[in-house]
Amino acid sequence: MAYFFFDFRDKEKQNARALLTSILVQLSDQSDSFCDVLLRLYTAYHRGSQQPSDSTLTQCLRDILEVAGQVPIYIVVDALDECPDTSGMQSSREKVLILVEHLVELCLPNLRLCITSRPEVDIQNVLEPLTSSSNRISLHDESGQKKDILDYINSVVRSDIKMKNWREEDMKLVIQTLSDKASGMYGF
């Protein structure tokens, strides 16, 4: 199993390369045969003095997945919507979505992907055709999630040193506005 969280606060964790390198390191740490695949790549690139391309890293991941054979591999990609979607050149988010498409198209019976995201149109447009409706979970309309968000916002507002001294009606307005704007997430 390997896990990656796209973090809007950390520029280093907002692109396909960060995702690939993290997944490769995590998987190679779990199996000698996976480690051998990564070691071959490391050696081919002069023991780290040269950097492989993203496509080379993708091929390395594919090699690891194929070496796994029947051993199930779970890859969790959390908060894909926090990967930037800039206009102009191919965005970081587009590159990640292409990588996900590539992994799905491999049709490896041992590969399990879990991708979470807020329901952004570009992400839905790519991921929905890759999954059956029975493999897709929408949490953005679930009352339990809305309650969790409301409880969290309420807790933060009421415990923050500066905010807890606000007038009650101002706190209620902030809590209501933030919880109304929280737009949930999808799991694919």
# chains A, B, ... in the order shown; residues from 1 in each chain; ligands from 1
>>> residues_around(residues="Asp10 in chain A", least_positions_apart="4", cutoff="12 Å", atoms="only C-alpha atoms", output="compact mmCIF listing (two decimals) with N, CA and C atoms, in the first residue's frame")
# COMPACT_ATOMS: atom_id res chain seq x y z
N PHE A 5 -0.83 12.46 -0.29
CA PHE A 5 -1.76 13.55 -0.02
C PHE A 5 -1.28 14.81 -0.72
N PHE A 6 -2.10 15.34 -1.62
CA PHE A 6 -1.79 16.63 -2.25
C PHE A 6 -2.10 17.72 -1.23
N GLN A 14 2.57 18.98 -4.88
CA GLN A 14 1.46 19.39 -5.73
C GLN A 14 1.65 18.99 -7.19
N ASN A 15 2.38 17.92 -7.46
CA ASN A 15 2.58 17.54 -8.86
C ASN A 15 2.77 16.04 -9.02
N ALA A 18 6.07 14.45 -7.58
CA ALA A 18 6.03 14.21 -6.13
C ALA A 18 5.22 12.95 -5.83
N GLU A 82 -6.45 19.50 -4.66
CA GLU A 82 -5.46 20.45 -4.16
C GLU A 82 -4.22 20.53 -5.05
N CYS A 83 -4.20 19.72 -6.08
CA CYS A 83 -3.15 19.81 -7.08
C CYS A 83 -3.56 20.94 -8.04
N PRO A 84 -2.68 21.90 -8.30
CA PRO A 84 -3.06 23.09 -9.07
C PRO A 84 -3.53 22.77 -10.49
>>> select_by_dssp(residues="range 29-167 of chain A", states="strand (DSSP E or B)", output="short mmCIF file (atom, residue, chain, number, x, y, z; two decimals) with N, CA, C and O atoms, in the first residue's frame")
data_model
loop_
_atom_site.label_atom_id
_atom_site.label_comp_id
_atom_site.auth_asym_id
_atom_site.auth_seq_id
_atom_site.Cartn_x
_atom_site.Cartn_y
_atom_site.Cartn_z
N ILE A 73 -1.89 -4.45 -4.78
CA ILE A 73 -1.23 -3.16 -4.53
C ILE A 73 -2.34 -2.11 -4.41
O ILE A 73 -3.15 -1.96 -5.32
N TYR A 74 -2.35 -1.41 -3.30
CA TYR A 74 -3.32 -0.34 -3.06
C TYR A 74 -2.58 0.99 -3.12
O TYR A 74 -1.61 1.19 -2.40
N ILE A 75 -3.08 1.88 -3.97
CA ILE A 75 -2.53 3.23 -4.05
C ILE A 75 -3.65 4.20 -3.74
O ILE A 75 -4.70 4.20 -4.40
N VAL A 76 -3.43 5.01 -2.71
CA VAL A 76 -4.42 6.01 -2.28
C VAL A 76 -3.86 7.39 -2.62
O VAL A 76 -2.76 7.74 -2.20
N VAL A 77 -4.63 8.14 -3.39
CA VAL A 77 -4.27 9.51 -3.75
C VAL A 77 -5.35 10.40 -3.15
O VAL A 77 -6.51 10.36 -3.56
N ASP A 78 -4.96 11.17 -2.16
CA ASP A 78 -5.91 11.97 -1.39
C ASP A 78 -5.83 13.44 -1.78
O ASP A 78 -4.74 13.98 -1.97
N LEU A 111 -4.03 -4.23 -9.01
CA LEU A 111 -3.93 -2.80 -8.67
C LEU A 111 -5.28 -2.26 -8.23
O LEU A 111 -6.29 -2.40 -8.93
N ARG A 112 -5.28 -1.61 -7.07
CA ARG A 112 -6.48 -0.96 -6.53
C ARG A 112 -6.14 0.50 -6.30
O ARG A 112 -5.18 0.82 -5.59
N LEU A 113 -6.91 1.38 -6.92
CA LEU A 113 -6.71 2.82 -6.77
C LEU A 113 -7.87 3.42 -6.00
O LEU A 113 -9.02 3.10 -6.25
N CYS A 114 -7.52 4.32 -5.09
CA CYS A 114 -8.53 5.11 -4.38
C CYS A 114 -8.11 6.56 -4.54
O CYS A 114 -7.04 6.96 -4.06
N ILE A 115 -8.93 7.34 -5.23
CA ILE A 115 -8.64 8.74 -5.49
C ILE A 115 -9.73 9.56 -4.80
O ILE A 115 -10.91 9.34 -5.05
N THR A 116 -9.33 10.50 -3.94
CA THR A 116 -10.33 11.37 -3.30
C THR A 116 -10.14 12.79 -3.80
O THR A 116 -9.03 13.23 -4.10
N SER A 117 -11.27 13.50 -3.88
CA SER A 117 -11.25 14.86 -4.39
C SER A 117 -12.58 15.53 -4.11
O SER A 117 -13.61 14.87 -3.98
N ILE A 137 -17.99 6.74 -4.98
CA ILE A 137 -18.73 7.16 -3.80
C ILE A 137 -18.73 8.69 -3.76
O ILE A 137 -17.69 9.32 -3.81
N SER A 138 -19.90 9.26 -3.66
CA SER A 138 -20.02 10.71 -3.53
C SER A 138 -20.37 11.03 -2.09
O SER A 138 -21.41 10.62 -1.58
#
>>> residues_around(residues="Lys172 in chain A", least_positions_apart="4", cutoff="12 Å", atoms="only C-alpha atoms", output="list of chain:residue names")
A:Leu150, A:Ile153, A:Asn154, A:Ser155, A:Val157, A:Arg158, A:Met163, A:Lys164, A:Trp166, A:Arg167, A:Glu168, A:Gln176, A:Thr177, A:Leu178, A:Ser179, A:Asp180
>>> select_by_dssp(residues="chain A", states="alpha helix (DSSP H)", output="PyMOL selection string")
chain A and resi 16-28+32-44+54-67+92-105+121-127+143-159+168-181
>>> closest_residue(among="A:Ser87, A:Ala68, A:Pro119, A:Met1", to="Phe34 in chain A", atoms="only C-alpha atoms")
A:Ala68
>>> atom_distance(atom1="CA of Ile161 in chain A", atom2="CA of Asp148 in chain A")
21.8 Å
>>> atom_distance(atom1="CA of Gln70 in chain A", atom2="CA of Thr131 in chain A")
21.3 Å
>>> closest_atom_pairs(of="range 2-22 of chain A", to="range 96-103 of chain A", cutoff="9 Å", atoms="only C-alpha atoms", output="Markdown table")
| residue | atom | partner | partner_atom | distance |
| --- | --- | --- | --- | --- |
| A:Asn15 | CA | A:Val96 | CA | 6.9 |
| A:Ala16 | CA | A:Val96 | CA | 5.0 |
| A:Arg17 | CA | A:Val96 | CA | 8.7 |
| A:Leu19 | CA | A:Val96 | CA | 8.1 |
>>> atom_distance(atom1="CA of Glu105 in chain A", atom2="CA of Pro72 in chain A")
16.7 Å
>>> residues_around(residues="Pro52 in chain A", least_positions_apart="2", cutoff="12 Å", atoms="only C-alpha atoms", output="list in words")
Arg17, Leu20, Thr21, Leu38, Arg40, Leu41, Tyr42, Thr43, Ala44, Tyr45, His46, Arg47, Gly48, Ser49, Gln50, Asp54, Ser55, Thr56, Leu57, Thr58, Gln59 and Cys60 of chain A
